[in-house]
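A quick write-up on the structure given underneath.
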There are 4 protein chains.
Amino acid sequence: MTSFLVDALVTTPPLAEVFSDAAVVQTMLDVEAAAARVQARLQIIPADAAVAIEAAAQAGFYDAAQLAAAARRSATPVVPLVAALSDRVGVVDATHAGFVHWGLTSQDVSDTALVLTVRRSLDILSAHHAELARALVTMSDQHAASVMLGRTLLQPATPITFGLKVAGWYGAVMRSWEAVSRAADDALVLQCGGAAGTLAALGAEGPSVADALAAELGLRNPGVSWHAHRDRLAAVITALSIYTASLGKMARDVSLLMQAEVGEVSEPGGASSAMPHKRNPAGCAVILAAAGRMPGLAAGYLTAMIQEHERGLGGWQLEWPTFSAVMQTSGSALAAAVELITGLSVNSDRMRANLAATNGTVCAERVQMLLTAALGRERARSVIEQSLTAVRDRGMSFSAAIVSQTDAADVMRAHPDALVPERYTGVAEVMRQRLLNRCP
Amino acid sequence: MTSFLVDALVTTPPLAEVFSDAAVVQTMLDVEAAAARVQARLQIIPADAAVAIEAAAQAGFYDAAQLAAAARRSATPVVPLVAALSDRVGVVDATHAGFVHWGLTSQDVSDTALVLTVRRSLDILSAHHAELARALVTMSDQHAASVMLGRTLLQPATPITFGLKVAGWYGAVMRSWEAVSRAADDALVLQCGGAAGTLAALGAEGPSVADALAAELGLRNPGVSWHAHRDRLAAVITALSIYTASLGKMARDVSLLMQAEVGEVSEPGGASSAMPHKRNPAGCAVILAAAGRMPGLAAGYLTAMIQEHERGLGGWQLEWPTFSAVMQTSGSALAAAVELITGLSVNSDRMRANLAATNGTVCAERVQMLLTAALGRERARSVIEQSLTAVRDRGMSFSAAIVSQTDAADVMRAHPDALVPERYTGVAEVMRQRLLNRCP
Amino acid sequence: MTSFLVDALVTTPPLAEVFSDAAVVQTMLDVEAAAARVQARLQIIPADAAVAIEAAAQAGFYDAAQLAAAARRSATPVVPLVAALSDRVGVVDATHAGFVHWGLTSQDVSDTALVLTVRRSLDILSAHHAELARALVTMSDQHAASVMLGRTLLQPATPITFGLKVAGWYGAVMRSWEAVSRAADDALVLQCGGAAGTLAALGAEGPSVADALAAELGLRNPGVSWHAHRDRLAAVITALSIYTASLGKMARDVSLLMQAEVGEVSEPGGASSAMPHKRNPAGCAVILAAAGRMPGLAAGYLTAMIQEHERGLGGWQLEWPTFSAVMQTSGSALAAAVELITGLSVNSDRMRANLAATNGTVCAERVQMLLTAALGRERARSVIEQSLTAVRDRGMSFSAAIVSQTDAADVMRAHPDALVPERYTGVAEVMRQRLLNRCP
Amino acid sequence: MTSFLVDALVTTPPLAEVFSDAAVVQTMLDVEAAAARVQARLQIIPADAAVAIEAAAQAGFYDAAQLAAAARRSATPVVPLVAALSDRVGVVDATHAGFVHWGLTSQDVSDTALVLTVRRSLDILSAHHAELARALVTMSDQHAASVMLGRTLLQPATPITFGLKVAGWYGAVMRSWEAVSRAADDALVLQCGGAAGTLAALGAEGPSVADALAAELGLRNPGVSWHAHRDRLAAVITALSIYTASLGKMARDVSLLMQAEVGEVSEPGGASSAMPHKRNPAGCAVILAAAGRMPGLAAGYLTAMIQEHERGLGGWQLEWPTFSAVMQTSGSALAAAVELITGLSVNSDRMRANLAATNGTVCAERVQMLLTAALGRERARSVIEQSLTAVRDRGMSFSAAIVSQTDAADVMRAHPDALVPERYTGVAEVMRQRLLNRCP
């Protein structure tokens, strides 16, 4: 059944391809073919059998819908796939058929194919991540001096720069991706253990087969079975969930900045079906949908880690659909993030206007500290409170309100720029450089 | 991209069809066509326009992959679908094109189509549920008198009947389904509110259009918009998660009873790719995988309920993929449950043997109460403890150990059946009848 | 260990009290005492024993920390509590001690006490819910005519009234609470089944004991054991999660409306430790924190429903902490919601100003429909697009831009109020009345 | 409110202490005192003020319940704590009071205190982890040669050793802990940024204050603010969830092996309140409850990472209760795991008996491979199937059934130990050594 539409916002075509029937069947067959090849090379199975197996290991020969139906009777599609592969090999020469899947168990093939599929999807994400990283650096540098309101608890706080804000996104995205990479390096390893993980079926040659198979598939051989220990794969999933959350934080910020009343940034956006004037933050929507979806997927995987004995019942079986959803959902968010950031318009005028609209109170913290140091806590508080009331109730500027008190005015005179937002961004630029990994 | 395989254990072909591109596009078009039809009938749009719209409202005319790609730019596939539909209508007569989607907003179409799609999937689940219910009643009746070990914290407790155990599953499944039905009755209603939910675009005729559209689609019209209030849909999802958990509890029990060392039931099961002697509880695996997957999906939906203002950003957009996964996953579990229960072999001999293997201790609670009443708590405890030690360390039967103490022997003589498990099932049968909704 | 602080934002003192050691121990003892009382009345245990048990059933006699430590060795605090209670009773008369917990199992006490505790917390929530409901009705009525921007995907859509928005919150809150009530009615029932749920230990009198115990505790007796079937309790938790999400949606809206740049509402709010000018939406923060916490708690419970055989291992044991967190978290959100709504200031001037700031485009949908009907889709689109560009790029008003085109001007002349937001709220008032359950 | 009981199975006294009011208030005060000390040293605030602040920074002076109540009005307990601390300092000398919390923001104190608290709890976990690791190594070594059934999908597979099984647990636990450590090293860093994260209030001296404060508290100074970027803390939580799942997998295995019908291991266990013969796997229950609880807590945290602008609304506020639950729940599981493994009895006789009970079929895979190599796939299959039928239906031994076929008998004669489970454990020992990090 094709289903582009339902998942339109939680996948991309290249990722959907990686998890398509054609790709998944082929990857499983690749593992079988590689196993046959290396065992022939090690003289464990006849060379002719390996040739026949390799010839039959083409996804096009098999009907994914039938395999899927049969999978429900054996709790994995590998059992019917091995049977179909054996049958096809058997047509050529009955004796070869017996050497299909020699010494392996379904989970060896299923897990190794999963690892290869996850690796392939991560390659796609990796390219997008690099693009996003570059775009963020560029945007941060362009706006190193764009002063804007910092906002805490959704209220105006003190000034920051947009360059720092973008560098903050960059920092989170970079740290999160590094964790994904590290987890992938640990997790994406060969699974080869046979029935109960001991390689018993291959006798003394088990370890050599595993080594050769790993080399053939370009994977690391961990030297032990991990059939029922899923901690490393779980770490990939949680790292991707954190990565997507880092994108989600960025999208939340952008969508808030893009509100008409704020208007500081704007994504190219999309149309509405009803309202001609609308320009929707569709990229943010895609990213936030992904960020909302990932934690539940991660929780499902974490729950499923409690796998019984040498192969789990239930937990193991939900891993493929979970990885499929996780890779496509995070990849969809990442693709949207690249478009979002590369296409974002930034309106520094509105940033300045929004700062100005605070009527000076954006620097109230600074004034309070100056007054406290000079006049003591009680008096400082009282001046500030009266001034804020004047701003709120009489529309006075904060500056005028403060200097209407003689003692405060004296203090302020010594600090003529105390109410200039551009002079109250602290070490924003130092932090920005650090977040971009430059030594300031 | 077809993808039977990845989701083999978490969908069924009929459910995959309901969420296929063809079906989803058609359902959205059905809503558009119905809206045109009723508005023509109410003389809001020209009759010819409605005819033209209906003629163009065939899924086959549209390319789902293109719609999906465009959906990412508008945060919903409805925007490009309306554009494509308008274009096609416009080919016939340019003036008709303007009446496509008249007075509606994307979410009206997306939500109403979602409701229709969920209803269609629930019809499939409903039939399976009825089958499962019948099979459980039959099995419970057949084993009304099959006495077996009750087990608590995975340890032998006191005797129950297998009929009661099955009735317990039945009770949970029936209650859980009733909750699904109730939630669906509440939730599966028309969404028709236009741009911000007030039906403003349709002026005075808005409510009549909504009424007529509801009637046309066989849905209830709630009379208000629920664009950003997803409580009723959430209740469908949580009810299905609870339902699937009820199936999961049953599958856990079956899989435990099917362990070789217990051997009390056995599902037809599937083969292993490596081990010829294996018979795997594949049905249990499918159900338990679903039960492991649903809570995370439900959590994702609950999180996404925090939708902004009159239409959410992010939360709303993850609903289609979540419903798609929820309906298919729970439906897959249910299909597996029907096969599991209708195909289950029950081995009452092993049940008796496992009872016997407790060496009489399965009735220790009873003996303790008899002795306590007759000899007091301290003496009762001491007799019981010595006897259990004798059973454990010297392989004595519990009965022999007890009566080796004169005072205890006297008590036991008055209760000759105190150690007969079949006589210690309490009101198991009464409860069984109640669980099957029969007044005993 | 007291711990007010860590949970300050996710509990309230009355709810913390319900789950305090004193209350929980007493509730468990109440169940034991009630069981003794009814069994004495039914002449199953000596009347004197019941008196002694009742006398000893006072929380003050027991050390919760010791019980908690011992609970870890028996997977439930009931085992050490029964032992301690028996010991205390035994001090008075050794024979009475044997009749403590007669015929019951730990789970009977633990589950029934849980049910009583949940009921007690729901009473607290219920009172708050009624208060919130009243406040919402009042506020909706007050602002029936306060026209404001509807906002979709965080962008200006078409006008609504604040009264409708509040009624939408009300509708969701009322429906969600009804679901909580219904779930509680189903779930809050007696658990009385003895060791494996069959009441075997009480022989023929089991059902009478259960009936009498239910009456004594003011609970319904479902007549069957539900030791390992947690669907009804799960429904309480998911309903509370949905309820809290309905509060969360309201808080999200309020916090967005309270942004300085929007300024349409304002909660009394709290101070900042650094910035004197800040007024933080602390109530929204409390509610949103709760709404973020509940889905994970619900997912944990749903996962834990897969309980083994006649008493679960692991799943059952996480229920008390989960219910404790769920009741306190949702109750905390509800308490905050009452304060939020009763204390909310609404600024209709800012609502009008924000509408005006759209420069007329808030009615673009209406204009587009009028032009489409009169001039056809292509021409309408072109006029609209040119006008929006004029608004965007040249700061023109939408109205002036439209009428600068002769044909459009003719159309607009026939609809003089087409650009008046107050005239474009559709059936907002009808829907508002319906949401408030009034028949308009 | 004390509440030992409700959380009895999801905390331990030392961890409850770390999150107690006394400890949390003191930790926050420690941060304030350290900030004052270093600022006095840097001559930013008067030395006397620092002395006064330090003197007042004693948890005993403050009422946690009052702070908690006030916290609800400012969305953090730090605001009222700073006020109370200032008031107390002000009693001594009014001018000192103004220097409390100088240049800091609430989140600096809250986050840094959180980091210190998490570090303290990790120290407790770390000690338990080391103990567990030692116990697992010892047990694995003791049972290097204890051959037992491998079990896949809860059915007998091929033989393994108990030593390998334990080493598998060890491997997962060690890898998972390493991930916890790594995440903690990254995450447990100073937060010091002031109001909007730029250290503006401290002017040029901001970075020096941050450096000195980090040194004073024994934390690393990341040099940038991370107010709204929670990726590193999230990684600690997900790593702990994975760690707990690794414990959960072990507990699931133990509880299954401890079933009466399997009987291969046994934990000291606890009593039942009703059934004298029971010995409950209470340690497993505690661990599995924790493992069931963690994924939902992790999902809640991941969801909460979408924090707005420079300080989140809702997401940030749920972090303390989440960390509190996460640290205590995982620590409780770990404490139980130490007791479980150090107290576990292993019954190798039952392991052998359960192997024997398979009647030889546990080596069916091996026989099939021998026959396939010698007689071809078709003939091998047919012999195996007939033999398995003979075992199943006629109780024959697998060995006798195989050799009743002449051609198969010939093959088997060449492999006299083909049906000896002890000879079919493959490289179990090699893998075991590798898992224990020994180079074999």
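In the structure tokens, chains take letters A, B, ... by order of appearance, with residues numbered from 1 within each chain and ligands from 1 in the order shown.
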- Query: Got a sec to pull out which chain C residues are within 6 Å of chain D, counting only C-alpha atoms, and send them as a PyMOL selection string?
  - Reply: chain C and resi 1-9+20-21+65+68+72-75+79+105-106+270-271+273-274+282+285+288-289+293+296-297+299-300+313-315+317-318+320-321
Output of the above residues as a tab-separated table (two decimals), in the first residue's frame, restricted to N, CA and C atoms:
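The resulting file, again.tsv, is reproduced below:
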chain	number	residue	atom	x	y	z
C	1	MET	N	11.02	11.68	54.91
C	1	MET	CA	11.68	12.85	54.36
C	1	MET	C	10.61	13.81	53.88
C	2	THR	N	10.58	15.02	54.40
C	2	THR	CA	9.62	15.94	53.81
C	2	THR	C	10.20	16.47	52.52
C	3	SER	N	9.36	16.73	51.58
C	3	SER	CA	9.83	17.26	50.30
C	3	SER	C	8.74	18.11	49.68
C	4	PHE	N	8.56	19.26	50.26
C	4	PHE	CA	7.61	20.20	49.69
C	4	PHE	C	8.17	20.85	48.43
C	5	LEU	N	9.48	21.12	48.49
C	5	LEU	CA	10.05	22.04	47.55
C	5	LEU	C	10.18	21.47	46.15
C	6	VAL	N	10.72	20.27	46.09
C	6	VAL	CA	10.93	19.66	44.77
C	6	VAL	C	9.61	19.56	44.02
C	7	ASP	N	8.55	19.27	44.74
C	7	ASP	CA	7.27	19.08	44.09
C	7	ASP	C	6.37	20.31	44.20
C	8	ALA	N	6.96	21.45	44.56
C	8	ALA	CA	6.13	22.64	44.82
C	8	ALA	C	5.16	22.93	43.68
C	9	LEU	N	5.63	22.76	42.44
C	9	LEU	CA	4.78	23.14	41.32
C	9	LEU	C	3.91	21.99	40.83
C	20	SER	N	0.08	11.39	51.98
C	20	SER	CA	1.09	11.35	53.03
C	20	SER	C	1.09	9.98	53.71
C	21	ASP	N	2.18	9.70	54.38
C	21	ASP	CA	2.26	8.43	55.12
C	21	ASP	C	1.10	8.25	56.07
C	65	ALA	N	8.46	4.76	57.95
C	65	ALA	CA	9.78	4.53	57.36
C	65	ALA	C	10.16	3.06	57.46
C	68	ALA	N	8.10	1.11	55.00
C	68	ALA	CA	8.59	1.33	53.64
C	68	ALA	C	9.82	0.47	53.37
C	72	ARG	N	10.07	-3.17	50.57
C	72	ARG	CA	10.96	-3.56	49.48
C	72	ARG	C	11.26	-5.06	49.49
C	73	ARG	N	11.07	-5.71	50.62
C	73	ARG	CA	11.33	-7.16	50.66
C	73	ARG	C	10.10	-7.98	50.30
C	74	SER	N	8.91	-7.33	50.28
C	74	SER	CA	7.72	-8.11	49.94
C	74	SER	C	6.95	-7.51	48.77
C	75	ALA	N	7.52	-6.48	48.16
C	75	ALA	CA	6.93	-5.86	46.97
C	75	ALA	C	5.61	-5.15	47.27
C	79	VAL	N	2.29	-6.26	53.42
C	79	VAL	CA	2.82	-7.42	54.16
C	79	VAL	C	3.40	-6.98	55.51
C	105	THR	N	-5.93	-10.91	50.89
C	105	THR	CA	-4.56	-10.91	50.40
C	105	THR	C	-4.08	-9.47	50.38
C	106	SER	N	-2.79	-9.27	50.31
C	106	SER	CA	-2.23	-7.91	50.32
C	106	SER	C	-2.89	-7.01	49.29
C	270	GLY	N	3.81	36.56	38.88
C	270	GLY	CA	4.76	36.64	39.98
C	270	GLY	C	5.97	37.42	39.56
C	271	ALA	N	6.79	37.69	40.53
C	271	ALA	CA	7.97	38.51	40.33
C	271	ALA	C	9.11	37.68	39.79
C	273	SER	N	13.43	37.14	40.17
C	273	SER	CA	14.44	37.41	41.21
C	273	SER	C	15.45	38.44	40.73
C	274	ALA	N	15.49	38.68	39.41
C	274	ALA	CA	16.49	39.59	38.88
C	274	ALA	C	15.89	40.86	38.30
C	282	ALA	N	3.11	32.81	36.02
C	282	ALA	CA	3.48	31.64	36.83
C	282	ALA	C	2.38	30.59	36.84
C	285	ALA	N	2.71	28.59	33.85
C	285	ALA	CA	3.87	27.71	33.97
C	285	ALA	C	3.51	26.44	34.75
C	288	LEU	N	1.21	24.30	32.52
C	288	LEU	CA	1.92	23.70	31.39
C	288	LEU	C	2.92	22.65	31.85
C	289	ALA	N	3.53	22.87	33.01
C	289	ALA	CA	4.42	21.83	33.55
C	289	ALA	C	3.63	20.55	33.81
C	293	ARG	N	3.86	16.81	32.03
C	293	ARG	CA	4.25	15.66	32.84
C	293	ARG	C	3.27	14.49	32.71
C	296	GLY	N	3.57	11.26	30.04
C	296	GLY	CA	4.55	10.25	30.40
C	296	GLY	C	4.07	9.37	31.55
C	297	LEU	N	3.40	9.98	32.51
C	297	LEU	CA	2.85	9.20	33.62
C	297	LEU	C	1.77	8.24	33.09
C	299	ALA	N	1.53	7.09	30.07
C	299	ALA	CA	2.18	6.04	29.28
C	299	ALA	C	2.77	4.97	30.19
C	300	GLY	N	3.36	5.39	31.30
C	300	GLY	CA	3.90	4.43	32.26
C	300	GLY	C	2.83	3.49	32.77
C	313	LEU	N	3.98	-8.60	38.23
C	313	LEU	CA	5.30	-8.42	38.81
C	313	LEU	C	5.96	-7.21	38.14
C	314	GLY	N	5.95	-6.10	38.84
C	314	GLY	CA	6.57	-4.89	38.29
C	314	GLY	C	5.50	-3.87	37.91
C	315	GLY	N	4.58	-4.29	37.06
C	315	GLY	CA	3.52	-3.37	36.63
C	315	GLY	C	2.67	-2.92	37.80
C	317	GLN	N	3.37	-2.87	40.88
C	317	GLN	CA	4.12	-2.16	41.92
C	317	GLN	C	4.39	-0.69	41.59
C	318	LEU	N	4.20	-0.31	40.32
C	318	LEU	CA	4.45	1.12	40.04
C	318	LEU	C	3.17	1.93	40.11
C	320	TRP	N	1.01	2.78	42.72
C	320	TRP	CA	0.87	3.79	43.78
C	320	TRP	C	1.66	5.06	43.46
C	321	PRO	N	2.96	4.93	43.15
C	321	PRO	CA	3.66	6.18	42.83
C	321	PRO	C	3.07	6.88	41.60
- Item | Surrounding residues of C:Gly360 excluding itself and chain neighbours under 2 positions, 8 Å, only C-alpha atoms, as number ranges by chain | C: 355-358, 362-364, 397-399, 419-420
- Task: Quick one: everything within 7 Å of D:Glu267, counting only C-alpha atoms, minus sequence neighbours fewer than 4 positions away in the same chain. Send it as number ranges by chain.
- Result: D: 281, 340, 343-345
Selection export as a short mmCIF file (atom, residue, chain, number, x, y, z; two decimals), in the first residue's frame, atoms kept: N, CA, C and O atoms:
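Printed below is out.cif as written:
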data_model
loop_
_atom_site.label_atom_id
_atom_site.label_comp_id
_atom_site.auth_asym_id
_atom_site.auth_seq_id
_atom_site.Cartn_x
_atom_site.Cartn_y
_atom_site.Cartn_z
N PRO D 281 9.48 -12.85 44.32
CA PRO D 281 10.65 -12.17 43.74
C PRO D 281 10.51 -10.65 43.90
O PRO D 281 10.35 -9.93 42.92
N LEU D 340 19.57 -8.30 44.81
CA LEU D 340 19.11 -9.44 44.01
C LEU D 340 20.28 -10.32 43.61
O LEU D 340 20.25 -11.55 43.81
N GLY D 343 22.31 -11.91 46.52
CA GLY D 343 21.57 -12.91 47.28
C GLY D 343 21.03 -14.06 46.45
O GLY D 343 20.34 -14.95 46.97
N LEU D 344 21.32 -14.07 45.17
CA LEU D 344 20.68 -15.05 44.28
C LEU D 344 21.22 -16.47 44.50
O LEU D 344 22.41 -16.69 44.52
N SER D 345 20.30 -17.43 44.66
CA SER D 345 20.72 -18.84 44.65
C SER D 345 20.56 -19.37 43.23
O SER D 345 19.56 -19.10 42.58
#
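Looking only at stretch 111-243 of chain C, the set that DSSP places in strand (DSSP E) from backbone geometry is Val147, Met148, Leu149, Gly150, Arg151, Thr152, Gln155, Pro156, Ala157, Thr158, Pro159, Ile160 and Thr161 of chain C.
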Output N, CA, C and O atoms of each residue in that selection to a file, as a PDB file, in the first residue's frame.
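Once written, again.pdb looks like this:
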ATOM      1  N   VAL C 147     -14.440  41.424  20.481  1.00  0.00           N
ATOM      2  CA  VAL C 147     -13.918  40.854  19.245  1.00  0.00           C
ATOM      3  C   VAL C 147     -12.390  40.886  19.269  1.00  0.00           C
ATOM      4  O   VAL C 147     -11.786  41.845  19.753  1.00  0.00           O
ATOM      5  N   MET C 148     -11.811  39.824  18.763  1.00  0.00           N
ATOM      6  CA  MET C 148     -10.345  39.719  18.784  1.00  0.00           C
ATOM      7  C   MET C 148      -9.901  38.921  17.564  1.00  0.00           C
ATOM      8  O   MET C 148     -10.714  38.303  16.877  1.00  0.00           O
ATOM      9  N   LEU C 149      -8.621  38.908  17.345  1.00  0.00           N
ATOM     10  CA  LEU C 149      -8.060  38.090  16.283  1.00  0.00           C
ATOM     11  C   LEU C 149      -8.218  36.614  16.610  1.00  0.00           C
ATOM     12  O   LEU C 149      -7.822  36.176  17.696  1.00  0.00           O
ATOM     13  N   GLY C 150      -8.784  35.854  15.678  1.00  0.00           N
ATOM     14  CA  GLY C 150      -8.560  34.417  15.727  1.00  0.00           C
ATOM     15  C   GLY C 150      -7.166  34.176  15.187  1.00  0.00           C
ATOM     16  O   GLY C 150      -6.675  34.930  14.338  1.00  0.00           O
ATOM     17  N   ARG C 151      -6.502  33.182  15.709  1.00  0.00           N
ATOM     18  CA  ARG C 151      -5.125  32.937  15.258  1.00  0.00           C
ATOM     19  C   ARG C 151      -4.966  31.448  14.945  1.00  0.00           C
ATOM     20  O   ARG C 151      -5.279  30.603  15.779  1.00  0.00           O
ATOM     21  N   THR C 152      -4.482  31.173  13.765  1.00  0.00           N
ATOM     22  CA  THR C 152      -4.254  29.774  13.406  1.00  0.00           C
ATOM     23  C   THR C 152      -2.803  29.621  12.997  1.00  0.00           C
ATOM     24  O   THR C 152      -2.224  30.508  12.379  1.00  0.00           O
ATOM     25  N   GLN C 155      -0.646  32.556  13.478  1.00  0.00           N
ATOM     26  CA  GLN C 155      -0.747  33.717  12.598  1.00  0.00           C
ATOM     27  C   GLN C 155      -2.172  34.240  12.633  1.00  0.00           C
ATOM     28  O   GLN C 155      -3.114  33.479  12.878  1.00  0.00           O
ATOM     29  N   PRO C 156      -2.367  35.530  12.363  1.00  0.00           N
ATOM     30  CA  PRO C 156      -3.717  36.091  12.350  1.00  0.00           C
ATOM     31  C   PRO C 156      -4.591  35.373  11.327  1.00  0.00           C
ATOM     32  O   PRO C 156      -4.163  35.167  10.187  1.00  0.00           O
ATOM     33  N   ALA C 157      -5.780  34.994  11.757  1.00  0.00           N
ATOM     34  CA  ALA C 157      -6.720  34.339  10.844  1.00  0.00           C
ATOM     35  C   ALA C 157      -7.892  35.305  10.635  1.00  0.00           C
ATOM     36  O   ALA C 157      -7.690  36.406  10.136  1.00  0.00           O
ATOM     37  N   THR C 158      -9.091  34.948  11.051  1.00  0.00           N
ATOM     38  CA  THR C 158     -10.247  35.837  10.946  1.00  0.00           C
ATOM     39  C   THR C 158     -10.715  36.140  12.368  1.00  0.00           C
ATOM     40  O   THR C 158     -10.277  35.496  13.325  1.00  0.00           O
ATOM     41  N   PRO C 159     -11.624  37.091  12.546  1.00  0.00           N
ATOM     42  CA  PRO C 159     -11.986  37.495  13.911  1.00  0.00           C
ATOM     43  C   PRO C 159     -12.826  36.443  14.648  1.00  0.00           C
ATOM     44  O   PRO C 159     -13.581  35.702  14.033  1.00  0.00           O
ATOM     45  N   ILE C 160     -12.661  36.424  15.934  1.00  0.00           N
ATOM     46  CA  ILE C 160     -13.538  35.652  16.818  1.00  0.00           C
ATOM     47  C   ILE C 160     -13.904  36.571  17.988  1.00  0.00           C
ATOM     48  O   ILE C 160     -13.558  37.747  17.965  1.00  0.00           O
ATOM     49  N   THR C 161     -14.601  36.021  18.967  1.00  0.00           N
ATOM     50  CA  THR C 161     -14.783  36.811  20.188  1.00  0.00           C
ATOM     51  C   THR C 161     -14.009  36.129  21.311  1.00  0.00           C
ATOM     52  O   THR C 161     -13.801  34.912  21.290  1.00  0.00           O
TER      53      THR C 161
END
- Task: Give me every helix (DSSP H, G or I) residue in stretch 240-359 of chain D, going by DSSP on the backbone, as a PyMOL selection string.
- Result: chain D and resi 240-257+282-304+316-343+348-356
Write out as CSV the residues of stretch 180-253 of chain C that have any atom within 10 Å of an atom of stretch 226-242 of chain B, one row each with the nearest atom pair and its distance in Å to one decimal, counting only C-alpha atoms, sorted by chain and then rising number.
residue,atom,partner,partner_atom,distance
C:Arg230,CA,B:Ile242,CA,8.9
C:Asp231,CA,B:Ile242,CA,6.1
C:Arg232,CA,B:Ile242,CA,8.9
C:Ala234,CA,B:Ile242,CA,7.0
C:Ala235,CA,B:Ala239,CA,7.4
C:Ile237,CA,B:Thr238,CA,9.8
C:Thr238,CA,B:Thr238,CA,6.4
C:Ala239,CA,B:Ala235,CA,7.4
C:Ser241,CA,B:Ala234,CA,9.7
C:Ile242,CA,B:Asp231,CA,6.1
C:Tyr243,CA,B:Asp231,CA,7.8
C:Ala245,CA,B:Asp231,CA,8.0
C:Ser246,CA,B:Asp231,CA,7.0
C:Lys249,CA,B:His229,CA,8.0
C:Met250,CA,B:His229,CA,9.8
- For D:Phe99, please output as an MDAnalysis selection string all residues within 9 Å (counting only C-alpha atoms; exclusion window: fewer than 4 positions along the same chain). (chainID A and resid 369 372:373 377) or (chainID D and resid 36 45:46 49:50 53 86 95 103)
- Message: My list of candidates is C:Leu334, C:Ile306, C:Val166, C:Ala214. Which is closest to C:Ala34 when distances are computed with only C-alpha atoms?
- Response: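 Between C:Leu334, C:Ile306, C:Val166, C:Ala214, the residue approaching C:Ala34 most closely is C:Ala214.
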- Message: Neighbouring residues of D:His129 were defined as those with any atom within 8 Å, considering only C-alpha atoms; residues of the same chain fewer than 3 positions away were excluded. Please report them as a count of residues only.
- Response: 7
- Query: Between atom CA of A:Arg379 and atom CA of D:Gly193, what is the distance, to one decimal in Å?
  - Reply: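 The value is 26.2 Å.
Within 9 Å of D:Met412, once only C-alpha atoms are used and residues closer than 6 positions along the same chain are dropped, the contacting residues are Val367, Leu370, Leu371, Ile402, Val403 and Ala418 of chain D.
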- Query: For the atom pair atom CA of B:Met351 and atom CA of C:Asp111, what is the interatomic distance in Å to one decimal place?
  - Reply: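 Interatomic distance, atom CA of B:Met351 to atom CA of C:Asp111: 28.7 Å.
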